[in-house]
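Okay, work_30.txt is below, compact mmCIF, C-alpha atoms:
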# COMPACT_ATOMS: atom_id res chain seq x y z
CA MET P 199 -29.67 10.39 7.54
CA LYS P 200 -29.90 10.02 3.77
CA SER P 201 -31.34 12.94 1.84
CA ALA P 202 -34.60 12.46 -0.03
CA PHE P 203 -32.56 12.63 -3.22
CA LEU P 204 -30.26 9.82 -2.14
CA LYS P 205 -33.16 7.59 -1.02
CA SER P 206 -34.74 7.96 -4.44
CA THR P 207 -31.54 7.10 -6.26
CA VAL P 208 -30.64 3.96 -4.31
CA ALA P 209 -33.30 1.86 -5.95
CA ALA P 210 -32.67 3.44 -9.33
CA GLY P 211 -28.97 2.74 -9.01
CA ALA P 212 -29.63 -0.89 -8.20
CA LEU P 213 -31.78 -1.22 -11.32
CA VAL P 214 -29.11 0.45 -13.46
CA TRP P 215 -26.43 -1.85 -12.08
CA SER P 216 -28.51 -4.98 -12.54
CA SER P 217 -28.68 -4.21 -16.25
CA LEU P 218 -24.93 -3.65 -16.27
CA SER P 219 -23.87 -6.79 -14.42
CA GLY P 220 -26.52 -9.17 -15.64
CA ALA P 221 -26.40 -10.63 -19.13
CA THR P 222 -23.59 -8.46 -20.48
CA ALA P 223 -21.34 -11.50 -20.95
CA VAL P 224 -18.18 -9.55 -20.14
CA LYS P 225 -15.67 -11.94 -18.56
CA ALA P 226 -14.10 -11.06 -15.25
CA GLU P 227 -11.02 -8.91 -15.79
CA GLU P 228 -8.30 -7.28 -13.74
CA LEU P 229 -8.45 -3.57 -14.55
CA THR P 230 -5.72 -1.05 -13.77
CA LEU P 231 -6.76 2.52 -13.06
CA CYS P 232 -4.05 5.18 -13.26
CA TRP P 233 -4.21 8.44 -11.34
CA ALA P 234 -2.18 10.72 -9.09
CA ALA P 235 -1.13 9.66 -5.59
CA TRP P 236 -3.18 11.84 -3.24
CA ASP P 237 -6.00 11.55 -0.70
CA PRO P 238 -8.83 11.34 -3.28
CA ALA P 239 -7.13 8.30 -4.83
CA ASN P 240 -7.35 6.52 -1.49
CA ALA P 241 -11.05 7.35 -1.36
CA LEU P 242 -11.49 5.90 -4.86
CA VAL P 243 -9.90 2.63 -3.78
CA GLU P 244 -12.51 2.36 -1.04
CA LEU P 245 -15.34 3.35 -3.36
CA SER P 246 -14.26 0.82 -6.00
CA LYS P 247 -14.82 -2.11 -3.64
CA ASP P 248 -18.49 -1.76 -4.56
CA PHE P 249 -17.64 -2.17 -8.25
CA GLU P 250 -15.57 -5.28 -7.56
CA ALA P 251 -18.34 -6.85 -5.50
CA LYS P 252 -21.04 -6.20 -8.08
CA SER P 253 -19.11 -6.84 -11.30
CA GLY P 254 -16.70 -9.62 -10.48
CA HIS P 255 -13.85 -7.56 -11.94
CA LYS P 256 -10.76 -6.83 -9.85
CA MET P 257 -9.25 -3.37 -9.60
CA LYS P 258 -5.57 -2.51 -9.49
CA PHE P 259 -4.35 1.04 -9.07
CA GLU P 260 -1.25 2.84 -10.31
CA PHE P 261 -0.91 6.09 -8.40
CA VAL P 262 2.00 8.45 -9.14
CA PRO P 263 2.99 11.48 -7.00
CA TRP P 264 1.89 14.78 -8.53
CA PRO P 265 5.36 16.12 -9.40
CA ASN P 266 5.94 13.03 -11.58
CA PHE P 267 2.36 12.33 -12.62
CA ALA P 268 2.29 14.15 -15.96
CA ASP P 269 5.65 12.87 -17.17
CA ARG P 270 4.89 9.28 -16.16
CA MET P 271 1.37 9.08 -17.57
CA LEU P 272 1.90 11.14 -20.71
CA ASN P 273 4.85 8.90 -21.51
CA GLU P 274 2.56 5.91 -21.01
CA LEU P 275 -0.03 7.35 -23.39
CA ASN P 276 2.48 8.52 -25.98
CA SER P 277 4.22 5.15 -26.08
CA GLY P 278 0.99 3.18 -26.47
CA GLY P 279 1.70 1.39 -23.19
CA LYS P 280 -0.80 -1.09 -21.81
CA LEU P 281 -0.36 -0.43 -18.10
CA CYS P 282 -3.56 1.58 -17.75
CA ASP P 283 -7.05 0.48 -18.73
CA LEU P 284 -8.63 3.54 -17.15
CA MET P 285 -6.92 6.90 -16.84
CA ILE P 286 -7.97 9.81 -14.65
CA GLY P 287 -5.90 12.30 -16.61
CA ASP P 288 -5.44 15.99 -16.00
CA SER P 289 -7.83 18.40 -17.67
CA GLN P 290 -5.12 19.90 -19.89
CA TRP P 291 -4.34 16.54 -21.51
CA ILE P 292 -7.70 16.08 -23.18
CA GLY P 293 -6.80 17.75 -26.49
CA GLY P 294 -3.65 15.76 -27.07
CA ALA P 295 -5.18 12.47 -25.96
CA ALA P 296 -8.17 12.99 -28.27
CA GLU P 297 -6.23 14.09 -31.34
CA ASN P 298 -3.59 11.39 -30.90
CA GLY P 299 -6.14 8.60 -30.48
CA GLN P 300 -5.06 7.77 -26.92
CA TYR P 301 -8.53 7.90 -25.34
CA VAL P 302 -11.66 6.10 -26.51
CA LYS P 303 -14.35 8.48 -27.74
CA LEU P 304 -17.35 7.94 -25.47
CA ASN P 305 -20.27 9.49 -27.37
CA ASP P 306 -21.80 6.21 -28.58
CA PHE P 307 -21.31 4.62 -25.16
CA PHE P 308 -22.94 7.56 -23.39
CA ASP P 309 -25.87 7.47 -25.81
CA LYS P 310 -26.35 3.73 -25.39
CA GLU P 311 -26.24 3.87 -21.59
CA GLY P 312 -28.25 7.06 -21.16
CA ILE P 313 -25.36 8.99 -19.61
CA LYS P 314 -26.07 12.66 -20.32
CA MET P 315 -23.44 15.36 -20.08
CA GLU P 316 -26.04 17.96 -19.15
CA ASN P 317 -26.32 16.12 -15.83
CA PHE P 318 -22.80 17.24 -14.88
CA ILE P 319 -21.50 20.67 -13.82
CA PRO P 320 -21.05 22.51 -17.15
CA ALA P 321 -17.52 23.71 -16.39
CA THR P 322 -16.39 20.14 -15.72
CA VAL P 323 -17.83 18.91 -19.02
CA VAL P 324 -15.94 21.60 -20.95
CA GLY P 325 -12.81 21.21 -18.84
CA TYR P 326 -12.56 17.45 -18.43
CA ALA P 327 -14.53 15.79 -21.23
CA GLU P 328 -14.76 17.85 -24.43
CA TRP P 329 -12.44 18.16 -27.39
CA PRO P 330 -12.65 20.41 -29.30
CA LYS P 331 -13.86 22.65 -26.50
CA ASN P 332 -17.55 23.60 -26.60
CA SER P 333 -18.31 20.77 -29.01
CA PRO P 334 -20.35 17.61 -28.23
CA ASN P 335 -17.34 15.30 -28.53
CA TYR P 336 -16.60 13.47 -25.30
CA TRP P 337 -13.42 11.64 -24.31
CA ALA P 338 -13.97 11.35 -20.57
CA LEU P 339 -16.60 11.36 -17.85
CA PRO P 340 -16.15 14.18 -15.30
CA ALA P 341 -14.63 12.36 -12.35
CA PHE P 342 -13.24 14.82 -9.81
CA GLY P 343 -14.26 18.46 -9.64
CA ASP P 344 -11.49 20.68 -8.31
CA VAL P 345 -10.57 24.35 -8.21
CA VAL P 346 -8.04 26.59 -6.50
CA GLY P 347 -9.41 28.29 -3.40
CA TRP P 348 -8.19 29.48 -0.03
CA THR P 349 -7.99 28.20 3.53
CA TYR P 350 -7.56 30.59 6.47
CA ARG P 351 -6.98 30.46 10.20
CA LYS P 352 -10.47 31.34 11.34
CA ASP P 353 -9.39 31.10 14.97
CA TRP P 354 -6.62 33.67 14.47
CA PHE P 355 -8.99 36.02 12.66
CA ALA P 356 -11.40 35.84 15.60
CA ARG P 357 -8.93 36.97 18.27
CA PRO P 358 -10.17 40.28 19.75
CA GLU P 359 -6.69 41.81 20.05
CA LEU P 360 -5.93 41.06 16.40
CA GLN P 361 -9.34 42.31 15.33
CA ASP P 362 -8.73 45.59 17.16
CA GLU P 363 -5.23 46.07 15.79
CA PHE P 364 -6.28 45.25 12.23
CA LYS P 365 -9.25 47.62 12.31
CA LYS P 366 -7.09 50.48 13.60
CA LYS P 367 -4.59 49.91 10.79
CA TYR P 368 -6.91 49.20 7.85
CA GLY P 369 -10.25 50.68 8.87
CA ARG P 370 -12.18 47.44 8.35
CA ASP P 371 -12.76 44.16 10.14
CA LEU P 372 -10.29 41.31 9.92
CA ALA P 373 -12.46 39.06 7.78
CA VAL P 374 -12.51 36.97 4.62
CA PRO P 375 -11.06 39.16 1.85
CA LYS P 376 -13.37 40.23 -0.96
CA THR P 377 -10.53 41.45 -3.20
CA PHE P 378 -6.92 40.53 -3.81
CA ALA P 379 -5.90 43.90 -2.39
CA GLU P 380 -7.60 42.96 0.88
CA LEU P 381 -5.93 39.54 0.81
CA LYS P 382 -2.50 41.13 0.57
CA ASP P 383 -3.29 43.43 3.50
CA ILE P 384 -4.17 40.39 5.61
CA ALA P 385 -1.05 38.51 4.54
CA GLU P 386 1.14 41.53 5.42
CA PHE P 387 -0.63 41.89 8.76
CA PHE P 388 0.29 38.34 9.78
CA GLN P 389 3.79 38.26 8.24
CA GLY P 390 6.39 37.87 11.00
CA ARG P 391 3.78 38.15 13.75
CA ASN P 392 4.16 36.25 17.02
CA ILE P 393 1.18 34.03 17.81
CA ASP P 394 1.27 31.75 20.85
CA GLY P 395 5.04 32.15 21.08
CA LYS P 396 5.66 31.21 17.44
CA THR P 397 6.59 33.40 14.47
CA VAL P 398 3.99 33.03 11.72
CA TYR P 399 3.72 34.23 8.13
CA GLY P 400 1.11 35.54 5.76
CA ALA P 401 0.38 33.20 2.87
CA ALA P 402 1.49 29.93 1.32
CA ILE P 403 1.17 30.31 -2.47
CA TYR P 404 2.27 28.23 -5.44
CA THR P 405 5.86 28.81 -6.61
CA GLU P 406 6.97 25.36 -7.83
CA ARG P 407 9.08 25.31 -11.00
CA GLY P 408 9.32 21.65 -12.06
CA SER P 409 5.79 20.67 -13.07
CA GLU P 410 2.88 23.16 -13.11
CA GLY P 411 2.78 24.81 -9.71
CA ILE P 412 3.63 28.44 -10.34
CA THR P 413 1.48 28.47 -13.47
CA MET P 414 -1.56 27.28 -11.54
CA GLY P 415 -0.92 29.86 -8.83
CA ALA P 416 -0.16 32.87 -10.99
CA MET P 417 -3.00 32.15 -13.42
CA ASP P 418 -5.34 31.86 -10.45
CA VAL P 419 -4.59 35.52 -9.77
CA LEU P 420 -4.15 36.76 -13.36
CA TYR P 421 -7.66 35.72 -14.43
CA SER P 422 -9.20 38.12 -11.91
CA PHE P 423 -6.90 40.90 -13.10
CA GLY P 424 -8.18 40.53 -16.68
CA PHE P 425 -5.86 37.98 -18.31
CA GLU P 426 -7.10 36.46 -21.59
CA TYR P 427 -5.38 33.64 -23.45
CA GLN P 428 -6.24 35.03 -26.86
CA ASN P 429 -8.34 37.47 -28.83
CA PRO P 430 -11.91 36.13 -28.52
CA ASP P 431 -12.49 37.07 -32.15
CA LYS P 432 -9.25 35.63 -33.54
CA PRO P 433 -7.90 32.33 -32.14
CA TYR P 434 -4.18 32.25 -31.24
CA ASP P 435 -3.92 36.06 -31.54
CA MET P 436 -2.31 36.74 -28.16
CA GLU P 437 -0.55 40.11 -28.43
CA GLY P 438 -2.27 42.63 -26.16
CA PHE P 439 -4.21 39.94 -24.33
CA VAL P 440 -1.63 37.71 -22.65
CA ASN P 441 0.52 40.79 -22.02
CA SER P 442 -2.19 43.38 -21.42
CA PRO P 443 -1.62 46.15 -18.85
CA GLN P 444 -4.09 44.40 -16.53
CA THR P 445 -2.19 41.13 -16.80
CA ILE P 446 1.11 42.87 -16.13
CA ALA P 447 -0.42 44.34 -12.97
CA GLY P 448 -1.61 40.90 -11.94
CA LEU P 449 1.81 39.33 -12.32
CA GLU P 450 3.38 42.23 -10.41
CA TYR P 451 0.85 41.58 -7.65
CA TYR P 452 1.76 37.89 -7.51
CA LYS P 453 5.44 38.71 -7.15
CA ALA P 454 4.68 41.31 -4.48
CA LEU P 455 2.67 38.72 -2.55
CA TYR P 456 5.56 36.27 -2.82
CA ASP P 457 8.11 38.88 -1.74
CA CYS P 458 6.16 40.26 1.20
CA CYS P 459 4.27 37.46 2.72
CA THR P 460 5.43 33.88 2.18
CA PRO P 461 7.24 31.68 4.71
CA PRO P 462 11.03 31.37 4.55
CA GLY P 463 12.23 28.99 1.87
CA HIS P 464 8.90 28.92 0.02
CA SER P 465 10.51 29.27 -3.41
CA ASP P 466 9.55 25.90 -4.88
CA ALA P 467 6.21 25.10 -3.29
CA TYR P 468 3.14 23.38 -4.65
CA MET P 469 0.26 21.44 -3.10
CA SER P 470 2.07 19.37 -0.47
CA GLU P 471 4.39 22.18 0.64
CA ASN P 472 1.42 24.51 1.14
CA ILE P 473 -0.43 21.84 3.11
CA ASP P 474 2.61 21.35 5.33
CA ALA P 475 3.03 25.09 5.91
CA TYR P 476 -0.61 25.44 6.90
CA LYS P 477 -0.99 22.32 9.04
CA SER P 478 2.20 23.14 10.96
CA GLY P 479 0.75 26.51 11.92
CA GLN P 480 3.16 28.64 9.89
CA VAL P 481 0.68 30.65 7.82
CA ALA P 482 -2.62 32.49 8.12
CA LEU P 483 -3.66 31.87 4.50
CA GLN P 484 -3.14 28.98 2.14
CA MET P 485 -3.74 28.85 -1.63
CA ASN P 486 -4.55 25.31 -2.69
CA PHE P 487 -6.90 23.09 -4.64
CA ALA P 488 -10.18 22.17 -2.98
CA PHE P 489 -9.19 18.52 -2.68
CA ILE P 490 -7.24 19.38 0.49
CA TRP P 491 -10.24 20.67 2.42
CA PRO P 492 -11.51 17.35 3.83
CA GLY P 493 -8.02 16.70 5.21
CA ILE P 494 -7.75 20.20 6.68
CA ASN P 495 -11.16 19.88 8.29
CA ALA P 496 -10.18 16.59 9.93
CA ASP P 497 -6.71 17.68 11.04
CA PRO P 498 -6.23 17.63 14.84
CA ASN P 499 -4.18 20.84 14.83
CA VAL P 500 -5.99 23.13 12.38
CA GLY P 501 -9.28 21.35 11.68
CA GLY P 502 -12.86 21.94 12.73
CA ASP P 503 -13.66 25.51 13.74
CA LYS P 504 -10.00 26.56 13.56
CA SER P 505 -10.12 26.83 9.75
CA GLY P 506 -12.38 28.46 7.20
CA TYR P 507 -12.58 28.42 3.41
CA PHE P 508 -13.22 31.08 0.78
CA PRO P 509 -13.23 31.33 -3.01
CA ASN P 510 -10.71 33.32 -5.01
CA PRO P 511 -11.22 37.06 -4.37
CA ALA P 512 -11.97 39.64 -7.06
CA GLY P 513 -9.39 41.67 -8.94
CA PRO P 514 -9.18 45.48 -9.24
CA ASP P 515 -12.04 45.74 -11.75
CA GLY P 516 -14.37 43.34 -9.96
CA LYS P 517 -13.56 40.33 -12.15
CA GLN P 518 -13.56 37.09 -10.17
CA PHE P 519 -12.27 33.83 -11.57
CA ALA P 520 -10.40 30.78 -10.28
CA GLN P 521 -8.07 28.20 -11.77
CA LEU P 522 -9.87 24.98 -12.63
CA GLY P 523 -8.35 21.74 -11.43
CA GLY P 524 -9.80 18.29 -11.51
CA GLN P 525 -9.95 15.46 -13.97
CA GLY P 526 -12.11 13.23 -16.12
CA ILE P 527 -11.95 9.46 -16.29
CA SER P 528 -11.18 7.94 -19.69
CA VAL P 529 -10.81 4.53 -21.27
CA VAL P 530 -7.29 4.13 -22.66
CA ALA P 531 -7.39 3.23 -26.34
CA ALA P 532 -4.42 0.85 -26.01
CA SER P 533 -6.26 -1.25 -23.42
CA ALA P 534 -7.34 -4.75 -24.38
CA LYS P 535 -10.05 -4.61 -21.70
CA GLN P 536 -12.18 -1.76 -22.98
CA ASP P 537 -15.54 -3.44 -22.38
CA ALA P 538 -14.78 -4.00 -18.70
CA ALA P 539 -13.36 -0.47 -18.40
CA LEU P 540 -16.57 0.94 -19.84
CA GLN P 541 -18.48 -1.04 -17.20
CA TYR P 542 -16.48 0.82 -14.55
CA ILE P 543 -17.42 4.18 -16.05
CA LYS P 544 -21.10 3.21 -16.15
CA TRP P 545 -20.92 2.14 -12.53
CA PHE P 546 -19.09 5.31 -11.50
CA ALA P 547 -21.68 7.54 -13.24
CA GLN P 548 -24.58 6.28 -11.09
CA PRO P 549 -26.08 8.95 -8.80
CA GLU P 550 -25.83 6.69 -5.74
CA ILE P 551 -22.12 6.09 -6.37
CA GLN P 552 -21.51 9.79 -6.99
CA GLN P 553 -23.20 10.63 -3.68
CA LYS P 554 -21.00 8.09 -1.90
CA TRP P 555 -17.96 9.54 -3.72
CA TRP P 556 -18.70 12.93 -2.13
CA SER P 557 -19.20 11.38 1.30
CA LEU P 558 -15.79 9.68 1.10
CA GLY P 559 -13.96 12.90 0.22
CA GLY P 560 -14.20 12.85 -3.57
CA TYR P 561 -15.61 15.92 -5.33
CA SER P 562 -18.51 14.75 -7.47
CA ALA P 563 -19.27 16.72 -10.62
CA LEU P 564 -22.80 15.33 -10.90
CA ARG P 565 -25.32 18.14 -10.68
CA SER P 566 -27.91 16.11 -8.75
CA VAL P 567 -25.32 15.66 -6.00
CA VAL P 568 -24.06 19.24 -5.78
CA GLU P 569 -27.51 20.76 -6.34
CA ASP P 570 -29.15 18.64 -3.66
CA PRO P 571 -30.63 21.01 -1.02
CA GLY P 572 -28.46 19.49 1.69
CA PHE P 573 -25.17 19.71 -0.19
CA ALA P 574 -24.14 23.26 0.71
CA THR P 575 -24.33 22.52 4.43
CA SER P 576 -23.05 18.93 4.25
CA GLN P 577 -19.45 20.05 4.94
CA PRO P 578 -17.93 23.36 6.11
CA TYR P 579 -16.28 23.79 2.70
CA ALA P 580 -19.16 22.65 0.47
CA GLN P 581 -20.53 26.15 -0.24
CA THR P 582 -17.05 27.44 -1.04
CA PHE P 583 -16.63 24.56 -3.50
CA LEU P 584 -19.89 25.51 -5.23
CA ASP P 585 -18.99 29.20 -5.34
CA SER P 586 -15.53 28.42 -6.70
CA MET P 587 -16.69 26.02 -9.41
CA ALA P 588 -18.99 28.75 -10.70
CA ILE P 589 -16.04 31.04 -11.59
CA VAL P 590 -13.49 28.69 -13.15
CA LYS P 591 -11.12 29.15 -16.07
CA ASP P 592 -8.51 26.69 -17.29
CA PHE P 593 -5.09 26.61 -18.92
CA TRP P 594 -4.62 25.65 -22.56
CA ALA P 595 -5.88 22.11 -23.34
CA GLU P 596 -4.17 22.06 -26.72
CA PRO P 597 -2.21 19.00 -27.90
CA SER P 598 0.90 21.16 -27.38
CA TYR P 599 -0.10 21.69 -23.74
CA ALA P 600 3.24 20.44 -22.37
CA SER P 601 5.31 22.93 -24.40
CA LEU P 602 2.96 25.78 -23.51
CA LEU P 603 3.18 24.89 -19.83
CA GLN P 604 6.96 24.53 -19.84
CA ALA P 605 7.35 28.03 -21.25
CA THR P 606 4.94 29.45 -18.67
CA GLN P 607 6.69 27.78 -15.79
CA LYS P 608 10.03 29.24 -16.78
CA ARG P 609 8.78 32.77 -17.49
CA PHE P 610 6.79 33.02 -14.27
CA HIS P 611 9.38 31.45 -11.99
CA ASP P 612 12.22 33.53 -13.43
CA TYR P 613 10.29 36.73 -12.71
CA VAL P 614 8.34 35.97 -9.52
CA VAL P 615 10.88 33.90 -7.59
CA ALA P 616 14.25 34.59 -9.21
CA GLY P 617 13.52 38.31 -9.68
CA GLN P 618 14.71 38.40 -13.28
CA GLY P 619 13.44 41.30 -15.40
CA THR P 620 9.98 42.86 -15.25
CA ALA P 621 6.47 41.49 -15.43
CA LYS P 622 6.06 43.05 -18.86
CA GLU P 623 9.22 41.36 -20.11
CA ALA P 624 8.05 38.01 -18.73
CA LEU P 625 4.66 38.28 -20.44
CA ASP P 626 6.08 39.63 -23.69
CA GLY P 627 8.40 36.64 -23.66
CA LEU P 628 5.47 34.32 -23.02
CA VAL P 629 3.62 35.67 -26.06
CA LYS P 630 6.75 34.96 -28.09
CA ASP P 631 7.09 31.44 -26.69
CA TRP P 632 3.46 30.52 -27.21
CA THR P 633 3.41 32.01 -30.70
CA GLU P 634 6.37 29.83 -31.69
CA VAL P 635 4.59 26.72 -30.39
CA PHE P 636 1.46 27.44 -32.40
CA GLU P 637 3.49 28.36 -35.47
CA ASP P 638 5.22 25.00 -35.27
CA GLU P 639 1.78 23.36 -35.15
CA GLY P 640 0.63 25.34 -38.19
CA LYS P 641 -2.12 27.10 -36.24
CA ILE P 642 -0.70 30.57 -36.89

This structure in structure tokens:
Amino acid sequence: MKSAFLKSTVAAGALVWSSLSGATAVKAEELTLCWAAWDPANALVELSKDFEAKSGHKMKFEFVPWPNFADRMLNELNSGGKLCDLMIGDSQWIGGAAENGQYVKLNDFFDKEGIKMENFIPATVVGYAEWPKNSPNYWALPAFGDVVGWTYRKDWFARPELQDEFKKKYGRDLAVPKTFAELKDIAEFFQGRNIDGKTVYGAAIYTERGSEGITMGAMDVLYSFGFEYQNPDKPYDMEGFVNSPQTIAGLEYYKALYDCCTPPGHSDAYMSENIDAYKSGQVALQMNFAFIWPGINADPNVGGDKSGYFPNPAGPDGKQFAQLGGQGISVVAASAKQDAALQYIKWFAQPEIQQKWWSLGGYSALRSVVEDPGFATSQPYAQTFLDSMAIVKDFWAEPSYASLLQATQKRFHDYVVAGQGTAKEALDGLVKDWTEVFEDEGKI
């Protein structure tokens, strides 16, 4: 049954669309939307059939697997290519795309069409739409809210014999961890254990070297240990913040979790590898972005009541943050079909379409959808999504994002996976690397 909110927006959405598709005199076009190849992209194809039917435009899609997504699409933007009319680009790209004139600035369009950024989850506006950050300059519409969280084998946790053994060992119930220390205890408890005749392991975490995996995973932990990108009173002053004692402890924790509790061969794992480890019944805990939860919930082997979901735990001092994922949708400045592309964004921003987006497995960032009284109970993972989106932080969104990320990937992987040097040496080296990047840009 539709919520009262959705009933009220259906008619309003029809009125909004009639003004969009009526006398706008935009000829029928074939638009290409570029995004990553993953389950939400398939949901967007289905959703977009409504746009095609109402507008007369045809939609094509260029979806690229995540490990190649950034290289492929950043090359497209940097070369001024005309493949993409619409781009759902990663949150970290927004600075470079804005400063290099690769995205169309949307302020005037938003004002004209009555699209208000205060109607979207604040973290997604800052993360996906704004450049400079915390300024009213918009280069995208928040399209897909996402955040790193955790999936766990709820059915394993509920077994009386495991509950009894865990309580004897740790003096507390085997339950969703409130802290990272508790999470490690749980991962160690399950590591190498025999369940139903099969050896299982503790946790699937991000370790991938080639794109962004280990950065997303380690940062997800470091934030809650006290990591700061820079001195809040002096931009790009990183000494003592990036490599603070708390951050060093956080990176040591991440390596300890990798060493003690991951499945065999988990040295280059990102989203798909973690999904595979979890769905195949190898691990008790899985770190991954929230986009996977609809697929987990529907899985015949681990879905339904067999799995549960929880937000990132707190660090030693009670800090609790999580790595922001997700993307905004932008009009590519090199496109010759900008008017039709803007029509798509107006259509996508409608409350009725955003509600349908959620129902198909997309994560809407529209506040009227996520704040609807029925949202938190609409799916088993909905409340965890809300709790997680309330504690997000994100990686640098600077134009030099790619260089900053490349340095981070190397420093973290060399220490955590390859066992080279100490956490302090890795973070001291990262301060050096990042400082050189910003010096080259003239920001230091």

Counting only C-alpha atoms, what is within 9 Å of P:Ala512, bar same-chain residues fewer than 5 positions away, as an MDAnalysis selection string? chainID P and resid 375:379 419 422:423 517:519

Can you tell me, as a short mmCIF file (atom, residue, chain, number, x, y, z; two decimals) with C-alpha atoms, keeping the file's coordinate frame, what residues are no more than 6 Å from stretch 236-243 of chain P when counting all atoms listed in the file, ignoring any on the same chain fewer than 3 positions away?
data_model
loop_
_atom_site.label_atom_id
_atom_site.label_comp_id
_atom_site.auth_asym_id
_atom_site.auth_seq_id
_atom_site.Cartn_x
_atom_site.Cartn_y
_atom_site.Cartn_z
CA SER P 246 -14.26 0.82 -6.00
CA LEU P 558 -15.79 9.68 1.10
CA GLY P 560 -14.20 12.85 -3.57
#

So which residues touch P:Ile384 within 10 Å, counting all atoms listed in the file, skipping near sequence neighbours fewer than 5 positions away, as a ChimeraX atom specification? /P:355,364,368,372-375,378-379,389,400-401,459,482-483

Which residues, written as a count of residues only, have at least one atom at most 10 Å from P:Leu602, with only C-alpha atoms counted and residues fewer than 6 positions away on the same chain left out? 11

Quick one: contact table of stretch 339-375 of chain P to stretch 568-580 of chain P, 12 Å max, nearest atom pair and distance in Å to one decimal per residue, counting only C-alpha atoms, chain and number order, as JSON lines?
{"residue": "P:Gly343", "atom": "CA", "partner": "P:Val568", "partner_atom": "CA", "distance": 10.6}
{"residue": "P:Asp344", "atom": "CA", "partner": "P:Ala580", "partner_atom": "CA", "distance": 11.8}
{"residue": "P:Gly347", "atom": "CA", "partner": "P:Tyr579", "partner_atom": "CA", "distance": 10.2}
{"residue": "P:Trp348", "atom": "CA", "partner": "P:Tyr579", "partner_atom": "CA", "distance": 10.3}
{"residue": "P:Thr349", "atom": "CA", "partner": "P:Tyr579", "partner_atom": "CA", "distance": 9.4}
{"residue": "P:Tyr350", "atom": "CA", "partner": "P:Tyr579", "partner_atom": "CA", "distance": 11.7}

Top pick for closest residue to P:Glu328, considering P:Lys256, P:Asn441, P:Gly395, P:Gly526 and counting all atoms listed in the file: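 Among the listed residues, P:Gly526 lies closest to P:Glu328.
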
Tell me, as a JSON list (two decimals) with C-alpha atoms, in the coordinates of the input, which residues lie within 8 Å of P:Asp592, counting all atoms listed in the file; anything in the same chain fewer than 2 positions away does not count.
[["chain", "number", "residue", "atom", "x", "y", "z"],
["P", 325, "GLY", "CA", -12.81, 21.21, -18.84],
["P", 521, "GLN", "CA", -8.07, 28.20, -11.77],
["P", 522, "LEU", "CA", -9.87, 24.98, -12.63],
["P", 523, "GLY", "CA", -8.35, 21.74, -11.43],
["P", 590, "VAL", "CA", -13.49, 28.69, -13.15],
["P", 594, "TRP", "CA", -4.62, 25.65, -22.56]]

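The smallest atom-to-atom distance between P:Pro340 and any of P:Phe487, P:Phe583, P:Phe546, P:Phe439, using only C-alpha atoms, is found for P:Phe546.
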
What separates atom CA of P:Gly617 and atom CA of P:Gln604 is a distance of 18.3 Å

With distances taken over all atoms listed in the file, which of P:Lys310, P:Lys504, P:Lys303, P:His255 is nearest to P:Ala356? P:Lys504

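With atom CA of P:Thr230 on one side and atom CA of P:Asn305 on the other, the separation reads 22.5 Å.
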